[in-house]
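Visitor: Pasting protein_32.tsv below, which is TSV, C-alpha atoms.
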```
chain	number	residue	atom	x	y	z
A	345	MET	CA	-8.33	9.72	37.57
A	346	ALA	CA	-11.00	12.42	37.53
A	347	ASP	CA	-8.63	14.82	39.34
A	348	TYR	CA	-5.72	14.10	37.01
A	349	LYS	CA	-4.93	17.11	34.83
A	350	PRO	CA	-2.22	16.58	32.25
A	351	THR	CA	0.15	19.45	31.55
A	352	LEU	CA	1.23	20.30	28.01
A	353	GLY	CA	4.91	19.62	28.74
A	354	LYS	CA	4.33	16.24	30.37
A	355	THR	CA	1.92	15.21	27.64
A	356	PHE	CA	4.41	16.15	24.95
A	357	LEU	CA	7.30	14.26	26.53
A	358	ALA	CA	5.20	11.17	27.33
A	359	GLY	CA	4.93	10.00	23.73
A	360	LEU	CA	8.58	10.53	23.01
A	361	TRP	CA	9.92	8.41	25.87
A	362	GLU	CA	7.82	7.35	28.87
A	363	GLU	CA	4.83	6.17	26.82
A	364	ASN	CA	6.54	5.73	23.48
A	365	PRO	CA	4.00	3.72	21.44
A	366	VAL	CA	6.54	1.31	20.00
A	367	PHE	CA	9.24	0.92	22.64
A	368	ARG	CA	7.17	1.24	25.82
A	369	LEU	CA	3.53	0.48	24.95
A	370	VAL	CA	4.45	-2.05	22.19
A	371	LEU	CA	1.58	-0.81	19.99
A	372	GLY	CA	1.49	-0.57	16.20
A	373	MET	CA	3.69	-3.62	15.72
A	374	CYS	CA	2.35	-4.42	12.24
A	375	PRO	CA	3.85	-1.34	10.48
A	376	THR	CA	6.84	-1.38	12.83
A	377	LEU	CA	7.86	-4.78	11.54
A	378	ALA	CA	6.65	-4.38	7.96
A	379	VAL	CA	7.83	-1.00	6.70
A	380	THR	CA	11.15	-0.49	8.49
A	381	ALA	CA	13.41	-2.13	5.90
A	382	ALA	CA	14.32	1.37	4.69
A	383	VAL	CA	14.21	4.86	6.18
A	384	LYS	CA	12.01	6.60	3.60
A	385	PRO	CA	8.97	4.29	3.86
A	386	ALA	CA	9.34	4.24	7.64
A	387	PHE	CA	9.34	8.04	7.76
A	388	THR	CA	6.37	8.25	5.39
A	389	MET	CA	4.44	5.79	7.55
A	390	GLY	CA	5.32	7.82	10.66
A	391	MET	CA	4.11	11.06	9.07
A	392	SER	CA	0.91	9.37	7.89
A	393	VAL	CA	0.17	8.14	11.42
A	394	LEU	CA	1.00	11.62	12.78
A	395	PHE	CA	-1.50	13.22	10.36
A	396	VAL	CA	-4.26	10.75	11.20
A	397	LEU	CA	-3.57	11.05	14.93
A	398	ILE	CA	-3.76	14.86	14.92
A	399	CYS	CA	-6.95	14.98	12.81
A	400	SER	CA	-8.77	12.21	14.69
A	401	ASN	CA	-7.77	13.58	18.10
A	402	ILE	CA	-9.09	17.04	17.16
A	403	VAL	CA	-12.42	15.68	15.90
A	404	VAL	CA	-12.89	13.25	18.81
A	405	SER	CA	-12.01	15.97	21.33
A	406	LEU	CA	-14.48	18.40	19.75
A	407	MET	CA	-17.34	15.91	19.90
A	408	ARG	CA	-16.39	14.29	23.24
A	409	ASN	CA	-19.37	15.76	25.10
A	410	LEU	CA	-21.81	14.53	22.46
A	411	LEU	CA	-20.58	10.94	22.34
A	412	LYS	CA	-22.99	8.22	23.46
A	413	PRO	CA	-21.14	5.43	25.28
A	414	HIS	CA	-22.48	2.66	23.02
A	415	LEU	CA	-21.55	4.55	19.84
A	416	ARG	CA	-18.14	5.66	21.06
A	417	ILE	CA	-15.95	3.08	19.29
A	418	LEU	CA	-18.05	3.33	16.12
A	419	MET	CA	-17.53	7.10	16.01
A	420	PHE	CA	-13.78	6.70	16.60
A	421	THR	CA	-13.50	4.17	13.78
A	422	LEU	CA	-15.55	6.34	11.42
A	423	THR	CA	-13.34	9.36	12.15
A	424	ILE	CA	-10.07	7.44	11.85
A	425	ALA	CA	-11.14	5.68	8.63
A	426	THR	CA	-11.98	9.04	7.01
A	427	PHE	CA	-8.56	10.53	7.68
A	428	VAL	CA	-6.74	7.33	6.73
A	429	THR	CA	-8.57	7.35	3.39
A	430	ILE	CA	-7.59	11.00	2.83
A	431	CYS	CA	-3.99	10.14	3.66
A	432	ASP	CA	-4.09	7.13	1.30
A	433	LEU	CA	-5.50	9.29	-1.53
A	434	TYR	CA	-2.83	11.94	-0.93
A	435	LEU	CA	-0.03	9.39	-1.17
A	436	LYS	CA	-1.54	7.83	-4.30
A	437	ALA	CA	-1.77	11.27	-5.92
A	438	PHE	CA	1.48	12.93	-4.86
A	439	GLN	CA	3.78	10.15	-3.58
A	440	SER	CA	2.76	7.29	-5.84
A	441	GLU	CA	6.02	5.36	-5.45
A	442	MET	CA	5.78	5.51	-1.67
A	443	SER	CA	2.11	4.55	-1.86
A	444	GLU	CA	3.10	1.43	-3.79
A	445	ALA	CA	6.01	0.66	-1.50
A	446	LEU	CA	3.79	0.88	1.58
A	447	GLY	CA	1.05	-1.16	-0.11
A	448	PRO	CA	-1.73	-2.20	2.26
A	449	TYR	CA	-0.04	-0.77	5.36
A	450	ILE	CA	-1.47	2.73	4.85
A	451	PRO	CA	-5.12	1.52	4.81
A	452	LEU	CA	-4.19	-0.69	7.77
A	453	ILE	CA	-3.56	2.45	9.88
A	454	ILE	CA	-7.33	2.26	10.50
A	455	VAL	CA	-6.73	-0.70	12.81
A	456	ASN	CA	-3.55	0.71	14.35
A	457	CYS	CA	-4.05	0.48	18.11
A	458	ILE	CA	-2.14	3.71	18.80
A	459	ILE	CA	-4.77	5.90	17.18
A	460	ILE	CA	-7.87	4.37	18.74
A	461	CYS	CA	-5.97	4.16	22.05
A	462	ARG	CA	-5.23	7.92	22.01
A	463	ALA	CA	-8.82	8.69	21.01
A	464	GLU	CA	-10.08	6.67	23.98
A	465	ALA	CA	-7.41	7.59	26.55
A	466	CYS	CA	-6.93	11.27	25.75
A	467	ALA	CA	-9.07	12.94	23.08
A	468	SER	CA	-12.41	11.68	24.45
A	469	LYS	CA	-11.54	13.06	27.91
A	470	TYR	CA	-9.59	16.29	27.42
A	471	GLY	CA	-9.74	19.54	25.45
A	472	VAL	CA	-8.51	20.19	21.93
A	473	LEU	CA	-5.12	21.66	22.89
A	474	ILE	CA	-4.09	18.73	25.09
A	475	SER	CA	-5.38	16.33	22.44
A	476	ILE	CA	-3.29	17.98	19.71
A	477	VAL	CA	-0.16	17.93	21.87
A	478	ASP	CA	-0.83	14.28	22.73
A	479	ALA	CA	-1.26	13.43	19.03
A	480	VAL	CA	1.93	15.27	18.04
A	481	SER	CA	3.84	13.60	20.86
A	482	MET	CA	2.60	10.08	20.09
A	483	GLY	CA	3.00	10.59	16.34
A	484	LEU	CA	6.55	11.87	16.68
A	485	GLY	CA	7.38	9.10	19.16
A	486	PHE	CA	6.08	6.53	16.69
A	487	THR	CA	7.97	8.13	13.77
A	488	LEU	CA	11.16	8.31	15.81
A	489	ALA	CA	10.92	4.65	16.81
A	490	LEU	CA	10.26	3.56	13.22
A	491	CYS	CA	13.14	5.65	11.89
A	492	ILE	CA	15.59	4.30	14.52
A	493	ILE	CA	14.72	0.71	13.59
A	494	ALA	CA	14.81	1.56	9.86
A	495	VAL	CA	18.24	3.23	10.07
A	496	ILE	CA	19.73	0.20	11.84
A	497	ARG	CA	18.17	-2.25	9.37
A	498	GLU	CA	18.96	-0.28	6.20
A	499	VAL	CA	22.56	0.43	7.20
A	500	LEU	CA	23.25	-3.19	8.13
A	501	ALA	CA	21.40	-4.55	5.07
A	502	THR	CA	22.88	-2.23	2.45
A	503	GLY	CA	25.65	-0.16	4.04
A	504	ILE	CA	23.92	3.03	2.91
A	505	ILE	CA	20.91	5.18	3.68
A	506	ALA	CA	18.86	5.87	0.57
A	507	TRP	CA	16.36	8.73	0.18
A	508	GLY	CA	14.94	8.81	-3.32
A	509	SER	CA	17.86	9.39	-5.68
A	510	TYR	CA	20.16	10.45	-2.82
A	511	THR	CA	22.31	7.89	-1.07
A	512	ILE	CA	24.50	8.40	1.96
A	513	PRO	CA	27.27	5.79	2.32
A	514	VAL	CA	27.57	4.88	5.99
A	515	MET	CA	29.68	1.74	6.21
A	516	TRP	CA	33.26	1.16	5.10
A	517	LYS	CA	34.02	-0.05	1.56
A	518	SER	CA	34.72	-3.70	2.40
A	519	PHE	CA	31.53	-3.98	4.48
A	520	VAL	CA	29.59	-7.15	3.68
A	521	PRO	CA	25.83	-6.36	3.70
A	522	LEU	CA	23.71	-8.48	6.05
A	523	THR	CA	20.82	-9.14	3.65
A	524	ALA	CA	18.78	-10.83	6.38
A	525	MET	CA	18.33	-7.42	8.02
A	526	SER	CA	16.08	-6.31	5.15
A	527	MET	CA	13.92	-9.40	5.60
A	528	PRO	CA	11.26	-9.95	8.30
A	529	ILE	CA	13.76	-11.69	10.57
A	530	GLY	CA	15.83	-8.49	10.60
A	531	ALA	CA	12.80	-6.54	11.84
A	532	PHE	CA	12.16	-8.98	14.71
A	533	ILE	CA	15.83	-9.03	15.75
A	534	THR	CA	16.19	-5.23	15.66
A	535	LEU	CA	12.92	-4.63	17.51
A	536	GLY	CA	13.81	-7.25	20.13
A	537	LEU	CA	17.24	-5.74	20.74
A	538	MET	CA	15.80	-2.21	20.92
A	539	LEU	CA	13.11	-3.29	23.42
A	540	GLY	CA	15.82	-4.98	25.51
A	541	LEU	CA	17.98	-1.87	25.42
A	542	ILE	CA	15.09	0.42	26.38
A	543	ASN	CA	14.15	-1.91	29.26
A	544	LEU	CA	17.74	-1.88	30.46
A	545	ILE	CA	17.88	1.92	30.42
A	546	THR	CA	14.50	2.18	32.20
A	547	LYS	CA	15.60	-0.29	34.88
A	548	LYS	CA	18.79	1.66	35.53
A	549	GLN	CA	16.80	4.91	35.71
A	550	SER	CA	14.41	3.48	38.28
B	506	MET	CA	-43.85	4.58	15.96
B	507	LEU	CA	-43.10	8.29	16.35
B	508	LYS	CA	-41.62	7.61	19.77
B	509	ALA	CA	-39.33	4.94	18.35
B	510	LEU	CA	-38.25	7.29	15.57
B	511	LYS	CA	-37.51	10.05	18.09
B	512	LEU	CA	-35.48	7.62	20.20
B	513	PHE	CA	-33.56	6.47	17.12
B	514	LEU	CA	-32.75	10.04	16.11
B	515	ARG	CA	-31.82	11.08	19.66
B	516	GLU	CA	-29.43	8.16	20.00
B	517	SER	CA	-27.88	8.25	16.56
B	518	TRP	CA	-28.04	11.81	15.24
B	519	LEU	CA	-24.31	12.34	15.77
B	520	LEU	CA	-23.46	9.18	13.85
B	521	ILE	CA	-25.75	10.20	10.97
B	522	ALA	CA	-24.38	13.75	10.88
B	523	ALA	CA	-20.76	12.55	11.10
B	524	SER	CA	-21.32	9.98	8.35
B	525	PHE	CA	-22.76	12.66	6.10
B	526	PHE	CA	-19.95	15.13	6.86
B	527	PHE	CA	-17.14	12.58	6.45
B	528	GLY	CA	-18.73	11.22	3.29
B	529	LEU	CA	-18.85	14.72	1.84
B	530	LEU	CA	-15.24	15.36	2.88
B	531	LEU	CA	-14.11	12.15	1.17
B	532	ALA	CA	-16.11	12.93	-1.97
B	533	VAL	CA	-14.52	16.38	-2.24
B	534	THR	CA	-11.02	15.00	-1.62
B	535	TYR	CA	-11.51	12.20	-4.13
B	536	THR	CA	-12.84	14.59	-6.78
B	537	ALA	CA	-9.89	16.93	-6.26
B	538	TRP	CA	-7.13	14.31	-6.37
B	539	ASN	CA	-8.57	11.62	-8.65
B	540	PRO	CA	-7.30	13.25	-11.90
B	541	LYS	CA	-3.76	13.17	-10.51
B	542	ILE	CA	-4.19	9.54	-9.39
B	543	GLU	CA	-5.45	8.58	-12.86
B	544	GLN	CA	-2.53	10.46	-14.43
B	545	ASN	CA	-0.11	8.44	-12.24
B	546	LYS	CA	-1.83	5.21	-13.28
B	547	THR	CA	-1.54	6.10	-16.98
B	548	ALA	CA	2.13	7.00	-16.55
B	549	LYS	CA	2.76	3.68	-14.83
B	550	PHE	CA	0.89	1.79	-17.55
B	551	GLU	CA	2.98	3.49	-20.24
B	552	LYS	CA	6.21	2.81	-18.35
B	553	GLN	CA	5.36	-0.88	-17.96
B	554	VAL	CA	4.67	-1.18	-21.70
B	555	ALA	CA	7.95	0.63	-22.51
B	556	ASP	CA	9.77	-1.80	-20.19
B	557	VAL	CA	8.30	-4.78	-22.08
B	558	VAL	CA	8.90	-3.34	-25.57
B	559	SER	CA	11.85	-1.01	-25.45
B	560	GLY	CA	11.07	2.46	-26.78
B	561	ALA	CA	7.42	1.67	-27.47
B	562	LYS	CA	4.69	4.27	-27.12
B	563	LEU	CA	0.95	3.91	-26.74
B	564	ASP	CA	-1.70	5.18	-29.12
B	565	ALA	CA	-5.12	6.28	-27.91
B	566	SER	CA	-7.19	3.32	-26.75
B	567	ILE	CA	-9.34	1.46	-29.26
B	568	ASP	CA	-12.94	2.75	-29.05
B	569	GLY	CA	-15.21	0.86	-26.69
B	570	ASP	CA	-14.49	-1.44	-23.79
B	571	PHE	CA	-13.51	-5.08	-24.31
B	572	VAL	CA	-15.89	-7.05	-22.11
B	573	ILE	CA	-14.16	-9.93	-20.34
B	574	SER	CA	-16.99	-10.98	-18.01
B	575	ASP	CA	-20.16	-9.56	-16.49
B	576	LYS	CA	-18.15	-7.45	-14.06
B	577	ILE	CA	-14.84	-6.92	-15.85
B	578	SER	CA	-13.99	-4.97	-18.97
B	579	THR	CA	-10.75	-3.45	-20.20
B	580	LYS	CA	-9.39	-1.06	-22.78
B	581	VAL	CA	-6.91	-2.11	-25.47
B	582	TYR	CA	-4.15	0.22	-26.63
B	583	PRO	CA	-2.23	-0.13	-29.91
B	584	VAL	CA	1.52	-0.19	-29.24
B	585	LYS	CA	3.76	1.56	-31.74
B	586	SER	CA	7.47	2.16	-32.15
B	587	GLN	CA	8.93	5.68	-32.10
B	588	THR	CA	8.77	5.65	-35.92
B	589	GLY	CA	5.07	4.75	-35.87
B	590	GLU	CA	5.49	1.08	-36.80
B	591	LYS	CA	2.72	-1.08	-35.34
B	592	LEU	CA	4.21	-3.42	-32.74
B	593	GLY	CA	1.18	-4.91	-31.02
B	594	PHE	CA	-1.49	-4.28	-28.42
B	595	ALA	CA	-1.39	-3.69	-24.68
B	596	PHE	CA	-4.21	-4.13	-22.20
B	597	ALA	CA	-4.66	-4.09	-18.44
B	598	ALA	CA	-5.77	-7.41	-16.98
B	599	GLN	CA	-6.66	-8.47	-13.47
B	600	GLY	CA	-7.44	-11.60	-11.52
B	601	PRO	CA	-7.06	-13.21	-8.13
B	602	GLY	CA	-3.85	-14.44	-6.55
B	603	TYR	CA	-3.85	-14.17	-2.78
B	604	ASP	CA	-5.01	-10.61	-3.41
B	605	VAL	CA	-6.01	-8.98	-6.69
B	606	ILE	CA	-3.18	-8.97	-9.24
B	607	GLU	CA	-3.22	-6.35	-12.01
B	608	LEU	CA	-0.98	-6.77	-15.03
B	609	VAL	CA	-0.28	-5.07	-18.35
B	610	ILE	CA	-0.15	-7.75	-21.04
B	611	VAL	CA	1.51	-6.93	-24.34
B	612	VAL	CA	0.81	-9.06	-27.42
B	613	ASP	CA	2.21	-8.75	-30.94
B	614	ALA	CA	0.43	-7.09	-33.88
B	615	ASN	CA	-1.46	-10.31	-34.80
B	616	CYS	CA	-2.20	-11.25	-31.20
B	617	GLU	CA	-0.37	-14.54	-31.81
B	618	ASN	CA	2.58	-14.06	-29.46
B	619	TYR	CA	3.01	-12.65	-26.00
B	620	LEU	CA	5.69	-9.97	-25.89
B	621	GLY	CA	5.65	-9.91	-22.11
B	622	TYR	CA	3.91	-8.37	-19.13
B	623	GLY	CA	4.37	-5.69	-16.53
B	624	VAL	CA	2.92	-5.54	-13.02
B	625	LEU	CA	0.52	-2.73	-12.14
B	626	VAL	CA	-0.70	-3.96	-8.74
B	627	CYS	CA	0.73	-6.81	-6.70
B	628	ASN	CA	0.19	-7.22	-2.97
B	629	GLU	CA	1.30	-10.86	-2.94
B	630	THR	CA	3.53	-12.16	-0.14
B	631	PRO	CA	6.88	-10.35	-0.16
B	632	GLY	CA	9.70	-12.72	-1.03
B	633	PHE	CA	7.32	-15.26	-2.58
B	634	GLY	CA	4.34	-14.19	-4.71
B	635	ASP	CA	5.78	-10.75	-5.37
B	636	LYS	CA	8.60	-12.43	-7.30
B	637	MET	CA	6.23	-12.20	-10.29
B	638	LYS	CA	7.88	-8.79	-10.75
B	639	TYR	CA	11.31	-10.38	-11.21
B	640	PRO	CA	12.85	-11.24	-14.61
B	641	PHE	CA	13.29	-14.99	-13.96
B	642	PHE	CA	9.48	-15.37	-13.87
B	643	LYS	CA	8.52	-12.54	-16.20
B	644	ASP	CA	10.91	-13.68	-18.92
B	645	GLN	CA	8.97	-16.93	-19.27
B	646	PHE	CA	6.14	-14.91	-20.82
B	647	THR	CA	8.38	-13.06	-23.27
B	648	ASN	CA	8.13	-13.91	-26.98
B	649	ILE	CA	6.07	-17.07	-26.55
B	650	THR	CA	3.06	-18.26	-28.54
B	651	ALA	CA	-0.18	-16.83	-27.20
B	652	SER	CA	-1.78	-20.20	-26.56
B	653	GLU	CA	-3.39	-21.67	-23.43
B	654	LEU	CA	-0.69	-21.62	-20.74
B	655	THR	CA	-0.17	-24.36	-18.16
B	656	LEU	CA	1.58	-23.96	-14.83
B	657	VAL	CA	4.16	-26.61	-13.93
B	658	LYS	CA	5.74	-26.87	-10.50
B	659	GLU	CA	9.11	-28.16	-11.64
B	660	GLY	CA	11.31	-27.42	-14.61
B	661	ASP	CA	13.93	-25.12	-16.01
B	662	PRO	CA	12.42	-21.73	-16.92
B	663	ALA	CA	15.10	-21.27	-19.57
B	664	ASP	CA	14.37	-24.62	-21.26
B	665	LYS	CA	10.62	-25.25	-21.39
B	666	GLU	CA	7.75	-25.56	-23.81
B	667	ASP	CA	6.14	-22.26	-24.91
B	668	SER	CA	2.86	-23.22	-23.29
B	669	GLU	CA	4.46	-24.11	-19.94
B	670	ILE	CA	5.23	-21.70	-17.14
B	671	VAL	CA	7.40	-22.84	-14.24
B	672	ALA	CA	5.87	-21.69	-10.94
B	673	ILE	CA	7.65	-19.48	-8.43
B	674	SER	CA	8.89	-21.74	-5.66
B	675	GLY	CA	6.58	-21.41	-2.64
B	676	ALA	CA	4.10	-19.23	-4.51
B	677	THR	CA	1.97	-21.59	-6.61
B	678	ILE	CA	-1.25	-19.63	-5.99
B	679	SER	CA	0.28	-16.35	-7.18
B	680	SER	CA	1.93	-18.05	-10.19
B	681	GLN	CA	-1.36	-19.73	-11.09
B	682	GLY	CA	-3.06	-16.34	-10.71
B	683	VAL	CA	-0.77	-14.81	-13.36
B	684	VAL	CA	-1.26	-17.78	-15.72
B	685	ASN	CA	-5.05	-17.61	-15.25
B	686	ILE	CA	-5.07	-13.90	-16.09
B	687	PHE	CA	-3.26	-14.59	-19.37
B	688	ASN	CA	-5.60	-17.48	-20.23
B	689	THR	CA	-8.76	-15.55	-19.34
B	690	TYR	CA	-8.02	-12.39	-21.27
B	691	THR	CA	-6.10	-13.36	-24.39
B	692	GLY	CA	-8.75	-15.45	-26.19
B	693	ILE	CA	-11.47	-12.87	-25.62
B	694	ILE	CA	-9.27	-9.95	-26.67
B	695	ARG	CA	-8.17	-11.80	-29.84
B	696	GLU	CA	-11.77	-12.65	-30.82
B	697	GLU	CA	-12.86	-9.08	-30.24
B	698	LEU	CA	-9.94	-7.67	-32.27
B	699	ILE	CA	-10.86	-10.02	-35.14
B	700	LYS	CA	-14.54	-8.96	-34.87
B	701	ARG	CA	-13.51	-5.33	-35.11
B	702	GLY	CA	-11.28	-6.06	-38.12
B	703	LEU	CA	-8.11	-4.94	-36.37
B	704	ILE	CA	-6.36	-8.29	-36.89
B	705	GLN	CA	-7.03	-11.22	-39.18
```
Rewrite the structure from the file as structure tokens, please.
Guide:
Amino acid sequence: MADYKPTLGKTFLAGLWEENPVFRLVLGMCPTLAVTAAVKPAFTMGMSVLFVLICSNIVVSLMRNLLKPHLRILMFTLTIATFVTICDLYLKAFQSEMSEALGPYIPLIIVNCIIICRAEACASKYGVLISIVDAVSMGLGFTLALCIIAVIREVLATGIIAWGSYTIPVMWKSFVPLTAMSMPIGAFITLGLMLGLINLITKKQS
Amino acid sequence: MLKALKLFLRESWLLIAASFFFGLLLAVTYTAWNPKIEQNKTAKFEKQVADVVSGAKLDASIDGDFVISDKISTKVYPVKSQTGEKLGFAFAAQGPGYDVIELVIVVDANCENYLGYGVLVCNETPGFGDKMKYPFFKDQFTNITASELTLVKEGDPADKEDSEIVAISGATISSQGVVNIFNTYTGIIREELIKRGLIQ
């Protein structure tokens, strides 16, 4: 492990596919299930996690040589909580409707395993550049996974994709919306099917 | 003693410095964005009142806070029509459901009838408690006598006594929370309005 030196390219691709936080590591399940009924809140959640990941990875990486082992987790939590609070305040100020739609799930980013996992596995061991690339990769991978699930659920539940006042009709006119897809059961079914599909692809690849 | 202090500082200086830095960062951010957040809250408050009483607008709040309990106070706003006719009063009210529920309650000009309510904050269970935002529950509070309300678990919301509120199915705690908020605030607000000579 001590000899392992991650390259920028490998680190970037890891979060998108091989170590995708949702589909491969099965982390961050709470927002994955809770905010994917529509694309816009899912995207907002993804961007919020991306912001917190980048900021916390930078700070943790900068102070990695100063960290005392017994205060490590405390310092991570302090750092993450600060940036989550900033993100929450930003949404309340400039995206108030989204802030309401996401409710407690933005403050809950503090306990999102992805962020503390990246702080522990990457930022506390490597330099700032690798940590930023890792954060961008994991954040984009998380956003991508959330958006894929949200597109499937929103299209099947409503037949359209809505983004603010814009709506894109996707299904045919006589399409009967599957309302259950916008409910929690829809999230579990979609996530389960996606995990199955990803496992199938991975098995075939190997 | 000095040795222990040195050890404490050596072990925890980073935590102390980081806490100070992050605290400062949050204070600056909060100071910068809080006016916008307050502006959003006011806009939402006004929109909720306009939803309850169509076309209504709010006057400046009545001077001084209305004290509800040791820890809670609220402001009361006169509600007027576009032509300036006095329609009633609106005030923010909060209380516990599963989480904290915040409502805007609108009463008529004599504080004798409820005109309705709007929801400012509701993190109750989606599909159950959050149905307090839906008309079938909200309408039960529209144009009823502002007396002590009682929650009943069964009944027809469209055909009930004024003082009865039919609970949301599967969300008794949230429904009771809303009823409790009405019961807690209204009497105190009415007494205070009488004291200040704003109603008789």
Visitor: Pull out every residue of chain B that has at least one atom within 10 Å of chain A, counting only C-alpha atoms, and report them as a VMD selection string.
Guide: chain B and resid 516 to 520 523 to 524 527 to 528 530 to 532 534 to 535 537 to 546 549 625 to 628 631 to 632
Visitor: Find the residues around range 467-478 of chain A up to 7 Å (only C-alpha atoms counted), leave out those fewer than 2 positions away in its own chain, and share them as JSON, numbers by chain.
Guide: {"A": [352, 355, 356, 398, 401, 402, 404, 405, 406, 408, 462, 463, 464, 465, 480, 481, 482]}
Visitor: What does the distance between CA of Tyr619 in chain B and CA of Asn648 in chain B come to in Å, to one decimal place?
Guide: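 Here the two named atoms are 5.4 Å from each other.
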Visitor: Report, in Å with one decimal, the straight-line distance from CA of Val581 in chain B to CA of Glu617 in chain B.
Guide: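 These two atoms are separated by 15.4 Å.
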Visitor: Could you pull the residues within 12 Å of Gln553 in chain B, counting all atoms listed in the file, minus those fewer than 5 positions along the same chain, as a list in words?
Guide: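 Within the cut-off, the hits are Lys546, Thr547, Ala548, Val558, Ser559, Gly560, Ala561, Lys562, Leu563, Val584, Ala595, Phe596, Ala597, Glu607, Leu608, Val609, Ile610, Val611, Gly621, Tyr622, Gly623, Val624, Leu625, Val626 and Lys638 of chain B.
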Visitor: Would you mind reading off the distance between CA of Lys517 in chain A and CA of Gly503 in chain A, one decimal, in Å?
Guide: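 Atom-to-atom, CA of Lys517 in chain A and CA of Gly503 in chain A are spaced 8.7 Å apart.
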Visitor: Neighbours of range 369-379 of chain A within 8 Å (all atoms listed in the file; same-chain residues fewer than 3 positions away dropped), as a list of chain:residue names?
Guide: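 Counting all atoms listed in the file, the residues come to A:Glu363, A:Asn364, A:Pro365, A:Val366, A:Ala382, A:Pro385, A:Ala386, A:Met389, A:Leu446, A:Tyr449, A:Asn456, A:Cys457, A:Ile458, A:Leu490, A:Pro528, A:Ala531, A:Phe532, A:Leu535.
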Visitor: Can I get the selection written as a PDB file, keeping the file's coordinate frame, with C-alpha atoms?
Guide:
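Saved to again_31.pdb:
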```pdb
ATOM      1  CA  GLU A 363       4.830   6.170  26.820  1.00  0.00           C
ATOM      2  CA  ASN A 364       6.540   5.730  23.480  1.00  0.00           C
ATOM      3  CA  PRO A 365       4.000   3.720  21.440  1.00  0.00           C
ATOM      4  CA  VAL A 366       6.540   1.310  20.000  1.00  0.00           C
ATOM      5  CA  ALA A 382      14.320   1.370   4.690  1.00  0.00           C
ATOM      6  CA  PRO A 385       8.970   4.290   3.860  1.00  0.00           C
ATOM      7  CA  ALA A 386       9.340   4.240   7.640  1.00  0.00           C
ATOM      8  CA  MET A 389       4.440   5.790   7.550  1.00  0.00           C
ATOM      9  CA  LEU A 446       3.790   0.880   1.580  1.00  0.00           C
ATOM     10  CA  TYR A 449      -0.040  -0.770   5.360  1.00  0.00           C
ATOM     11  CA  ASN A 456      -3.550   0.710  14.350  1.00  0.00           C
ATOM     12  CA  CYS A 457      -4.050   0.480  18.110  1.00  0.00           C
ATOM     13  CA  ILE A 458      -2.140   3.710  18.800  1.00  0.00           C
ATOM     14  CA  LEU A 490      10.260   3.560  13.220  1.00  0.00           C
ATOM     15  CA  PRO A 528      11.260  -9.950   8.300  1.00  0.00           C
ATOM     16  CA  ALA A 531      12.800  -6.540  11.840  1.00  0.00           C
ATOM     17  CA  PHE A 532      12.160  -8.980  14.710  1.00  0.00           C
ATOM     18  CA  LEU A 535      12.920  -4.630  17.510  1.00  0.00           C
TER      19      LEU A 535
END
```
Visitor: Excluding Leu522 in chain A and its own-chain neighbours fewer than 2 positions away, which residues fall within 12 Å of it when counting all atoms listed in the file? Please give them as a list of chain:residue names.
Guide: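 The residues that qualify are A:Ile496, A:Arg497, A:Glu498, A:Val499, A:Leu500, A:Ala501, A:Thr502, A:Gly503, A:Ile504, A:Met515, A:Phe519, A:Val520, A:Ala524, A:Met525, A:Ser526, A:Met527, A:Ile529, A:Gly530.
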Visitor: List the spatial neighbours of range 694-702 of chain B as a PDB file with C-alpha atoms, in the frame of the given file - criterion: any atom at most 10 Å away, only C-alpha atoms, same-chain residues fewer than 6 positions off excluded.
Guide:
```pdb
ATOM      1  CA  ILE B 567      -9.340   1.460 -29.260  1.00  0.00           C
ATOM      2  CA  PHE B 571     -13.510  -5.080 -24.310  1.00  0.00           C
ATOM      3  CA  VAL B 572     -15.890  -7.050 -22.110  1.00  0.00           C
ATOM      4  CA  ILE B 573     -14.160  -9.930 -20.340  1.00  0.00           C
ATOM      5  CA  THR B 579     -10.750  -3.450 -20.200  1.00  0.00           C
ATOM      6  CA  LYS B 580      -9.390  -1.060 -22.780  1.00  0.00           C
ATOM      7  CA  VAL B 581      -6.910  -2.110 -25.470  1.00  0.00           C
ATOM      8  CA  PHE B 594      -1.490  -4.280 -28.420  1.00  0.00           C
ATOM      9  CA  PHE B 596      -4.210  -4.130 -22.200  1.00  0.00           C
ATOM     10  CA  VAL B 612       0.810  -9.060 -27.420  1.00  0.00           C
ATOM     11  CA  ASN B 615      -1.460 -10.310 -34.800  1.00  0.00           C
ATOM     12  CA  CYS B 616      -2.200 -11.250 -31.200  1.00  0.00           C
ATOM     13  CA  GLU B 617      -0.370 -14.540 -31.810  1.00  0.00           C
ATOM     14  CA  ALA B 651      -0.180 -16.830 -27.200  1.00  0.00           C
TER      15      ALA B 651
END
```
Visitor: Which residue is closest to Val403 in chain A? Choose from B:Gly602, B:Phe526, B:Ala555, B:Phe642 and count all atoms listed in the file.
Guide: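 Once distances to Val403 in chain A are computed over all atoms listed in the file, the minimum belongs to B:Phe526.
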